[in-house]
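**Q** Just so it is clear, I am handing over coords-v7.txt, which has compact mmCIF, C-alpha atoms.
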# COMPACT_ATOMS: atom_id res chain seq x y z
CA MET A 260 -25.12 -28.01 -25.42
CA GLU A 261 -22.72 -26.91 -22.67
CA ARG A 262 -24.46 -25.35 -19.69
CA ASN A 263 -23.01 -22.36 -17.90
CA PRO A 264 -25.37 -21.70 -15.00
CA ARG A 265 -24.78 -18.66 -12.81
CA ILE A 266 -25.54 -20.05 -9.38
CA ASP A 267 -26.20 -17.69 -6.50
CA LEU A 268 -24.04 -18.62 -3.50
CA LYS A 269 -27.17 -18.23 -1.38
CA LEU A 270 -28.72 -21.18 -3.22
CA LEU A 271 -25.65 -23.28 -2.43
CA ARG A 272 -25.96 -22.38 1.26
CA TYR A 273 -29.61 -23.46 1.21
CA PHE A 274 -28.67 -26.68 -0.57
CA LEU A 275 -25.85 -27.46 1.86
CA ALA A 276 -28.12 -27.03 4.87
CA VAL A 277 -30.63 -29.52 3.44
CA ALA A 278 -27.86 -31.90 2.32
CA GLU A 279 -26.33 -31.96 5.80
CA GLU A 280 -29.62 -32.20 7.68
CA LEU A 281 -31.35 -34.47 5.13
CA HIS A 282 -34.55 -32.86 6.37
CA PHE A 283 -36.21 -29.75 4.96
CA GLY A 284 -37.81 -28.81 8.28
CA ARG A 285 -34.58 -28.93 10.29
CA ALA A 286 -32.71 -27.16 7.49
CA ALA A 287 -35.32 -24.38 7.47
CA VAL A 288 -34.93 -23.91 11.23
CA ARG A 289 -31.15 -23.84 10.83
CA LEU A 290 -31.49 -21.17 8.12
CA ASN A 291 -34.06 -19.23 10.15
CA MET A 292 -36.65 -19.39 7.41
CA SER A 293 -39.91 -21.25 6.71
CA GLN A 294 -39.91 -24.57 4.84
CA PRO A 295 -41.96 -23.68 1.71
CA PRO A 296 -39.55 -20.99 0.41
CA LEU A 297 -36.62 -23.35 1.10
CA SER A 298 -38.24 -26.08 -1.01
CA ILE A 299 -38.81 -23.55 -3.79
CA HIS A 300 -35.13 -22.47 -3.72
CA ILE A 301 -33.93 -26.09 -3.90
CA LYS A 302 -36.17 -26.75 -6.91
CA GLU A 303 -34.82 -23.55 -8.50
CA LEU A 304 -31.26 -24.84 -8.02
CA GLU A 305 -32.15 -28.22 -9.53
CA GLN A 306 -33.72 -26.49 -12.52
CA GLN A 307 -30.67 -24.34 -13.07
CA LEU A 308 -28.38 -27.37 -12.91
CA GLY A 309 -30.73 -29.56 -14.91
CA THR A 310 -30.48 -32.48 -12.49
CA LEU A 311 -32.12 -33.79 -9.34
CA LEU A 312 -30.14 -33.29 -6.16
CA PHE A 313 -32.46 -35.05 -3.73
CA VAL A 314 -34.67 -38.11 -3.77
CA ARG A 315 -37.73 -37.06 -1.83
CA HIS A 316 -39.74 -39.66 0.11
CA SER A 317 -42.75 -39.05 2.29
CA ARG A 318 -40.73 -38.93 5.50
CA SER A 319 -37.13 -38.72 4.37
CA VAL A 320 -34.73 -37.08 1.93
CA ALA A 321 -31.70 -38.68 0.30
CA LEU A 322 -28.97 -37.21 -1.86
CA THR A 323 -28.60 -38.31 -5.45
CA HIS A 324 -25.12 -39.01 -6.77
CA ALA A 325 -25.07 -35.49 -8.24
CA GLY A 326 -26.22 -34.17 -4.88
CA LYS A 327 -23.35 -35.90 -3.06
CA ILE A 328 -20.83 -34.40 -5.48
CA LEU A 329 -22.39 -30.94 -5.16
CA MET A 330 -22.27 -31.18 -1.34
CA GLU A 331 -18.52 -31.81 -1.44
CA GLU A 332 -17.92 -29.02 -3.95
CA SER A 333 -20.25 -26.60 -2.14
CA ARG A 334 -18.32 -27.03 1.11
CA ARG A 335 -15.06 -26.20 -0.65
CA LEU A 336 -16.56 -23.33 -2.63
CA LEU A 337 -18.29 -21.70 0.33
CA ALA A 338 -15.22 -22.09 2.52
CA SER A 339 -13.14 -20.43 -0.21
CA ALA A 340 -15.71 -17.64 -0.62
CA ASN A 341 -15.81 -17.04 3.14
CA HIS A 342 -12.01 -16.91 3.25
CA ALA A 343 -11.90 -14.45 0.34
CA LEU A 344 -14.54 -12.20 1.90
CA SER A 345 -12.80 -12.32 5.27
CA ARG A 346 -9.52 -11.30 3.65
CA VAL A 347 -11.20 -8.42 1.81
CA GLU A 348 -12.67 -7.25 5.13
CA GLN A 349 -9.19 -7.45 6.70
CA ILE A 350 -7.77 -5.41 3.83
CA GLY A 351 -10.51 -2.84 4.32
CA ARG A 352 -9.59 -2.56 8.01
CA GLY A 353 -5.86 -2.31 7.24
CA GLU A 354 -5.18 -5.72 8.81
CA ALA A 355 -4.04 -7.36 5.56
CA GLY A 356 -2.55 -6.36 2.24
CA ARG A 357 0.79 -5.60 0.66
CA ILE A 358 2.90 -2.46 0.92
CA GLU A 359 5.68 -1.58 -1.53
CA LEU A 360 7.96 0.51 0.69
CA GLY A 361 11.00 2.40 -0.53
CA VAL A 362 13.78 2.98 2.00
CA VAL A 363 17.28 4.38 2.22
CA GLY A 364 19.63 1.87 3.80
CA THR A 365 20.24 3.96 6.92
CA ALA A 366 16.50 4.00 7.66
CA MET A 367 16.64 0.36 8.72
CA TRP A 368 18.81 1.24 11.69
CA GLY A 369 17.83 3.16 14.76
CA LYS A 370 14.31 3.94 15.99
CA MET A 371 12.49 2.72 12.89
CA ARG A 372 13.68 -0.86 13.38
CA PRO A 373 11.74 -1.64 16.61
CA ALA A 374 8.67 0.25 15.33
CA MET A 375 8.66 -1.78 12.11
CA ARG A 376 9.28 -5.00 14.01
CA ASN A 377 6.24 -4.34 16.21
CA PHE A 378 4.09 -3.52 13.19
CA LEU A 379 5.03 -6.74 11.39
CA LYS A 380 4.43 -8.75 14.55
CA GLU A 381 1.01 -7.19 15.18
CA HIS A 382 -0.07 -7.38 11.51
CA PRO A 383 1.14 -10.76 10.22
CA ASN A 384 -1.22 -10.57 7.22
CA VAL A 385 0.35 -7.37 5.92
CA GLU A 386 3.28 -8.06 3.60
CA VAL A 387 5.85 -5.25 3.49
CA LEU A 388 8.24 -5.35 0.52
CA PHE A 389 11.33 -3.21 1.17
CA ARG A 390 12.99 -1.63 -1.86
CA GLU A 391 16.28 0.07 -1.05
CA LYS A 392 16.55 3.10 -3.33
CA SER A 393 17.91 6.65 -3.22
CA PRO A 394 15.47 9.47 -2.46
CA GLY A 395 15.40 10.62 -6.08
CA ILE A 396 14.60 7.15 -7.41
CA GLN A 397 11.98 6.62 -4.70
CA MET A 398 10.25 9.87 -5.67
CA ALA A 399 10.17 8.82 -9.32
CA LEU A 400 8.71 5.43 -8.37
CA LEU A 401 6.11 7.10 -6.17
CA GLU A 402 5.04 9.33 -9.05
CA ARG A 403 4.67 6.26 -11.28
CA ARG A 404 2.66 4.49 -8.53
CA GLU A 405 5.29 1.75 -8.32
CA LEU A 406 5.78 2.44 -4.60
CA ASP A 407 3.13 2.96 -1.94
CA ALA A 408 5.45 5.04 0.25
CA GLY A 409 9.07 6.10 0.52
CA ILE A 410 11.27 6.63 3.56
CA TRP A 411 14.29 8.88 3.39
CA ARG A 412 16.05 11.80 5.02
CA MET A 413 15.04 15.19 3.72
CA ALA A 414 17.68 15.50 1.04
CA LEU A 415 14.81 15.71 -1.44
CA GLN A 416 11.52 17.55 -1.11
CA PRO A 417 8.49 15.52 -2.21
CA SER A 418 6.62 16.37 -5.39
CA SER A 419 3.34 18.24 -5.30
CA GLY A 420 0.45 16.09 -4.10
CA PHE A 421 2.58 13.98 -1.78
CA THR A 422 2.55 14.18 2.01
CA SER A 423 5.74 14.10 4.07
CA LEU A 424 5.57 13.10 7.76
CA ARG A 425 8.55 13.08 10.10
CA LEU A 426 9.14 9.72 11.75
CA HIS A 427 11.81 10.89 14.17
CA GLU A 428 14.57 13.44 14.63
CA SER A 429 18.17 12.54 13.95
CA SER A 430 21.51 14.11 13.00
CA PHE A 431 24.55 13.21 10.94
CA LEU A 432 27.70 12.43 12.91
CA VAL A 433 31.36 12.30 12.01
CA ALA A 434 32.74 8.75 12.07
CA LEU A 435 36.50 8.71 12.81
CA PRO A 436 39.25 6.18 13.52
CA GLU A 437 39.60 5.92 17.29
CA ASP A 438 43.16 7.28 17.16
CA HIS A 439 42.26 10.29 15.00
CA PRO A 440 43.21 13.64 16.66
CA MET A 441 39.64 14.93 16.35
CA ALA A 442 38.33 11.88 18.24
CA ARG A 443 39.27 13.77 21.42
CA CYS A 444 36.90 16.63 20.53
CA GLU A 445 33.41 16.78 22.00
CA SER A 446 32.12 18.21 18.71
CA ILE A 447 33.66 18.97 15.33
CA PRO A 448 33.28 21.96 12.99
CA LEU A 449 32.21 20.76 9.54
CA LEU A 450 34.76 22.97 7.80
CA SER A 451 37.59 21.28 9.75
CA LEU A 452 36.95 18.18 7.61
CA CYS A 453 38.00 19.97 4.43
CA ASN A 454 41.40 18.26 4.23
CA GLU A 455 40.27 14.82 5.40
CA TYR A 456 39.91 11.76 3.20
CA PHE A 457 36.35 10.43 3.00
CA VAL A 458 35.08 6.88 2.59
CA THR A 459 31.51 6.94 1.30
CA LEU A 460 28.60 5.00 -0.08
CA PRO A 461 27.46 5.59 -3.68
CA SER A 462 25.36 8.75 -4.00
CA ALA A 463 22.71 6.85 -5.95
CA HIS A 464 21.96 4.57 -2.98
CA SER A 465 22.55 6.76 0.07
CA ASP A 466 22.46 10.26 1.56
CA TRP A 467 25.75 11.25 -0.01
CA ALA A 468 24.41 13.55 -2.71
CA PHE A 469 22.81 15.58 0.08
CA LEU A 470 25.93 15.44 2.29
CA GLN A 471 28.15 16.63 -0.54
CA SER A 472 25.92 19.66 -1.01
CA VAL A 473 26.10 20.34 2.75
CA CYS A 474 29.89 20.27 2.62
CA GLN A 475 29.95 22.53 -0.44
CA GLN A 476 27.71 25.03 1.36
CA ALA A 477 30.24 24.95 4.22
CA GLY A 478 33.00 25.89 1.74
CA PHE A 479 34.67 22.65 0.59
CA THR A 480 34.21 19.56 -1.56
CA PRO A 481 34.84 16.25 0.24
CA LEU A 482 37.98 14.36 -0.84
CA ILE A 483 36.49 10.94 -1.52
CA VAL A 484 39.18 8.23 -1.65
CA ARG A 485 36.96 5.15 -1.42
CA GLU A 486 33.38 4.46 -2.48
CA VAL A 487 31.95 1.14 -1.30
CA VAL A 488 28.55 -0.52 -1.38
CA GLU A 489 27.94 -1.57 2.22
CA PRO A 490 27.95 0.77 5.26
CA GLN A 491 29.70 -1.96 7.25
CA THR A 492 32.56 -1.77 4.75
CA VAL A 493 32.73 2.01 5.18
CA LEU A 494 33.09 1.61 8.93
CA ALA A 495 35.62 -1.21 8.57
CA MET A 496 37.81 1.04 6.39
CA ILE A 497 37.48 3.88 8.89
CA SER A 498 38.62 1.54 11.67
CA MET A 499 41.71 0.81 9.53
CA GLY A 500 42.51 4.51 9.33
CA ILE A 501 41.74 4.86 5.61
CA GLY A 502 39.49 7.89 6.11
CA ILE A 503 36.45 9.38 7.83
CA THR A 504 32.81 9.81 6.87
CA LEU A 505 29.49 11.40 7.78
CA MET A 506 26.75 8.98 8.82
CA ALA A 507 23.33 9.11 10.41
CA GLU A 508 23.54 8.75 14.18
CA SER A 509 21.62 5.48 14.09
CA TYR A 510 24.92 3.76 13.24
CA ALA A 511 26.45 4.99 16.47
CA GLN A 512 23.96 2.87 18.43
CA MET A 513 26.05 -0.19 17.60
CA ASN A 514 29.56 -0.94 18.75
CA TRP A 515 31.94 -0.60 15.81
CA PRO A 516 35.47 -1.58 16.95
CA GLY A 517 38.02 1.11 16.18
CA VAL A 518 35.42 3.75 15.21
CA ILE A 519 34.46 6.86 17.19
CA PHE A 520 31.39 8.99 16.44
CA ARG A 521 31.35 12.72 17.18
CA PRO A 522 28.61 15.35 16.61
CA LEU A 523 29.11 18.40 14.43
CA ASP A 524 29.28 21.87 15.99
CA GLU A 525 26.28 22.86 13.89
CA PRO A 526 24.09 19.76 13.58
CA VAL A 527 23.09 18.60 10.11
CA PRO A 528 19.57 17.16 10.38
CA ALA A 529 19.15 13.53 9.39
CA ASP A 530 15.46 13.40 10.32
CA LEU A 531 13.65 10.43 8.83
CA TYR A 532 10.45 11.05 6.85
CA ILE A 533 7.82 8.90 5.22
CA VAL A 534 6.45 10.24 1.94
CA TYR A 535 3.22 9.05 0.34
CA ASP A 536 0.04 10.15 -1.43
CA GLN A 537 -2.72 10.38 1.18
CA GLN A 538 -5.41 10.21 -1.50
CA GLN A 539 -4.08 6.87 -2.77
CA ALA A 540 -3.09 5.34 0.58
CA THR A 541 -4.50 1.87 1.20
CA PRO A 542 -5.87 1.00 4.66
CA ALA A 543 -2.76 -1.14 5.26
CA LEU A 544 -0.48 1.80 4.48
CA GLN A 545 -2.54 4.08 6.71
CA THR A 546 -2.11 1.55 9.52
CA LEU A 547 1.65 1.46 8.91
CA VAL A 548 1.92 5.25 8.92
CA ARG A 549 0.08 5.41 12.25
CA ALA A 550 2.38 2.74 13.68
CA LEU A 551 5.56 4.54 12.58
CA THR A 552 4.48 8.04 13.55
CA GLY A 553 2.61 7.20 16.75
Would you encode the structure as structure tokens?
**A**
Amino acid sequence: MERNPRIDLKLLRYFLAVAEELHFGRAAVRLNMSQPPLSIHIKELEQQLGTLLFVRHSRSVALTHAGKILMEESRRLLASANHALSRVEQIGRGEAGRIELGVVGTAMWGKMRPAMRNFLKEHPNVEVLFREKSPGIQMALLERRELDAGIWRMALQPSSGFTSLRLHESSFLVALPEDHPMARCESIPLLSLCNEYFVTLPSAHSDWAFLQSVCQQAGFTPLIVREVVEPQTVLAMISMGIGITLMAESYAQMNWPGVIFRPLDEPVPADLYIVYDQQQATPALQTLVRALTG
């Protein structure tokens, strides 16, 4: 009949001490216990396994063949158990784990980049999976518990039960060809863009749904002549004179040949927020939130 013993790991630790010392007295000292209980535990283990593990002589102890095999397996098993328990402790302290993080593409530029870099460097056992999605899609994924947190600009208010924390302040700027007449202005009225051609990113993957509503509130609908996937392509087209756009100021921190950035007369906030459910936040996510908001 097949045996399926449920062996206490403590019994394996007792066994391993005796197997390595080949002496019950020294093993008992090593385990900080008296010898009689140790002998009882070893006999208990042998009974559970249905085989002798030691050949006992008057002054010495030797491993049986089964004992030698169990010593090898016990070392591997206990090392694996210690590793697993250590990892669970790390997860409990927020030093390990995995975070599914939604982001808008523009969030990866600017002040968040060095903060995230430092976090990843200081917490190498925390895996952060970035999922680039629009605010609306991120919110839906958060509600379905398919994301741990989302990062976007406040084009969308979070659903009830979710916390929104500001990571840093920012504004949208006008990106213009360097020879555009308005490039000479220190700041630009939003309404003065009503007759300009716009090059944009898709609304589903950027801030453009929000920016369109901002323009409409100012009294006009943007004339979009190109819609491209990558922000670098947007800026390349602007440098060619194809149009203008509105972008978060984080893009202005890099040198884009042929492109000039100018603020709006009345700033349009592009503040970056992290949105998550505090009640469901893992220790790793709590550590990330502290790192990004600290």
**Q** Each residue of range 322-409 of chain A with at least one atom at most 12 Å from range 496-516 of chain A should appear once, together with its nearest atom pair and the corresponding distance in Å (one decimal); atoms considered: only C-alpha atoms; ordering: chain, then increasing residue number; output as JSON lines.
**A**
{"residue": "A:Val363", "atom": "CA", "partner": "A:Ala507", "partner_atom": "CA", "distance": 11.2}
{"residue": "A:Gly364", "atom": "CA", "partner": "A:Ala507", "partner_atom": "CA", "distance": 10.5}
{"residue": "A:Thr365", "atom": "CA", "partner": "A:Ala507", "partner_atom": "CA", "distance": 6.9}
{"residue": "A:Ala366", "atom": "CA", "partner": "A:Ser509", "partner_atom": "CA", "distance": 8.4}
{"residue": "A:Met367", "atom": "CA", "partner": "A:Ser509", "partner_atom": "CA", "distance": 8.9}
{"residue": "A:Trp368", "atom": "CA", "partner": "A:Ser509", "partner_atom": "CA", "distance": 5.6}
{"residue": "A:Gly369", "atom": "CA", "partner": "A:Ser509", "partner_atom": "CA", "distance": 4.5}
{"residue": "A:Lys370", "atom": "CA", "partner": "A:Ser509", "partner_atom": "CA", "distance": 7.7}
{"residue": "A:Met371", "atom": "CA", "partner": "A:Ser509", "partner_atom": "CA", "distance": 9.6}
{"residue": "A:Arg372", "atom": "CA", "partner": "A:Ser509", "partner_atom": "CA", "distance": 10.2}
**Q** Taking into account only C-alpha atoms, which residue in the set A:Lys380, A:Glu331, A:Gly326, A:Arg412 is nearest to Gly309 in chain A?
**A** A:Gly326
**Q** If we count only C-alpha atoms and set the cut-off at 7 Å, which residues sit around Gln294 in chain A, ignoring sequence neighbours fewer than 3 positions away in its own chain? Please answer as a list in words.
**A** Phe283, Gly284, Ala287, Leu297 and Ser298 of chain A
**Q** Please provide the set of residues having any atom within 9 Å of His439 in chain A, restricted to only C-alpha atoms, with same-chain residues fewer than 4 positions apart removed, written as a CSV table (one decimal) with C-alpha atoms, in the frame of the given file.
**A**
chain,number,residue,atom,x,y,z
A,435,LEU,CA,36.5,8.7,12.8
A,443,ARG,CA,39.3,13.8,21.4
A,500,GLY,CA,42.5,4.5,9.3
A,519,ILE,CA,34.5,6.9,17.2
**Q** Residues within 12 Å of (1.4, -4.4, 0.9), file coordinates, counting all atoms listed in the file: what are they? Give the list as a count of residues only.
**A** 31
**Q** So which residues touch Leu270 in chain A within 8 Å, counting all atoms listed in the file, skipping near sequence neighbours fewer than 6 positions away, as a list in words?
**A**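 So, after excluding close chain neighbours, the residues are His300, Ile301 and Leu304 of chain A.
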**Q** I'd like the interatomic distance between CA of Gln471 in chain A and CA of Ile483 in chain A, to a tenth of an Å.
**A**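 Calculated distance between CA of Gln471 in chain A and CA of Ile483 in chain A is 10.1 Å.
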**Q** Tell me, in Å to one decimal, how far CA of Ala468 in chain A is from CA of Thr480 in chain A.
**A**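 Those two atoms sit 11.6 Å apart.
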**Q** Take CA of Gln491 in chain A and CA of Pro522 in chain A and report the distance between them in Å, one decimal.
**A**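 Taking CA of Gln491 in chain A as the start and CA of Pro522 in chain A as the end point, the length is 19.7 Å.
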**Q** Counting all atoms listed in the file, figure out which residue out of A:Val277, A:Val347, A:Ala434, A:Ala495 gets nearest to Val314 in chain A.
**A**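 Among the listed residues, A:Val277 lies closest to Val314 in chain A.
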**Q** Tell me, as an mmCIF file with C-alpha atoms, in the frame of the given file, which residues lie within 9 Å of Leu460 in chain A, counting all atoms listed in the file; anything in the same chain fewer than 6 positions away does not count.
**A**
data_model
loop_
_atom_site.group_PDB
_atom_site.id
_atom_site.type_symbol
_atom_site.label_atom_id
_atom_site.label_comp_id
_atom_site.auth_asym_id
_atom_site.auth_seq_id
_atom_site.Cartn_x
_atom_site.Cartn_y
_atom_site.Cartn_z
ATOM 1 C CA ASP A 466 22.460 10.260 1.560
ATOM 2 C CA TRP A 467 25.750 11.250 -0.010
ATOM 3 C CA ARG A 485 36.960 5.150 -1.420
ATOM 4 C CA GLU A 486 33.380 4.460 -2.480
ATOM 5 C CA VAL A 487 31.950 1.140 -1.300
ATOM 6 C CA VAL A 488 28.550 -0.520 -1.380
ATOM 7 C CA GLU A 489 27.940 -1.570 2.220
ATOM 8 C CA PRO A 490 27.950 0.770 5.260
ATOM 9 C CA VAL A 493 32.730 2.010 5.180
#
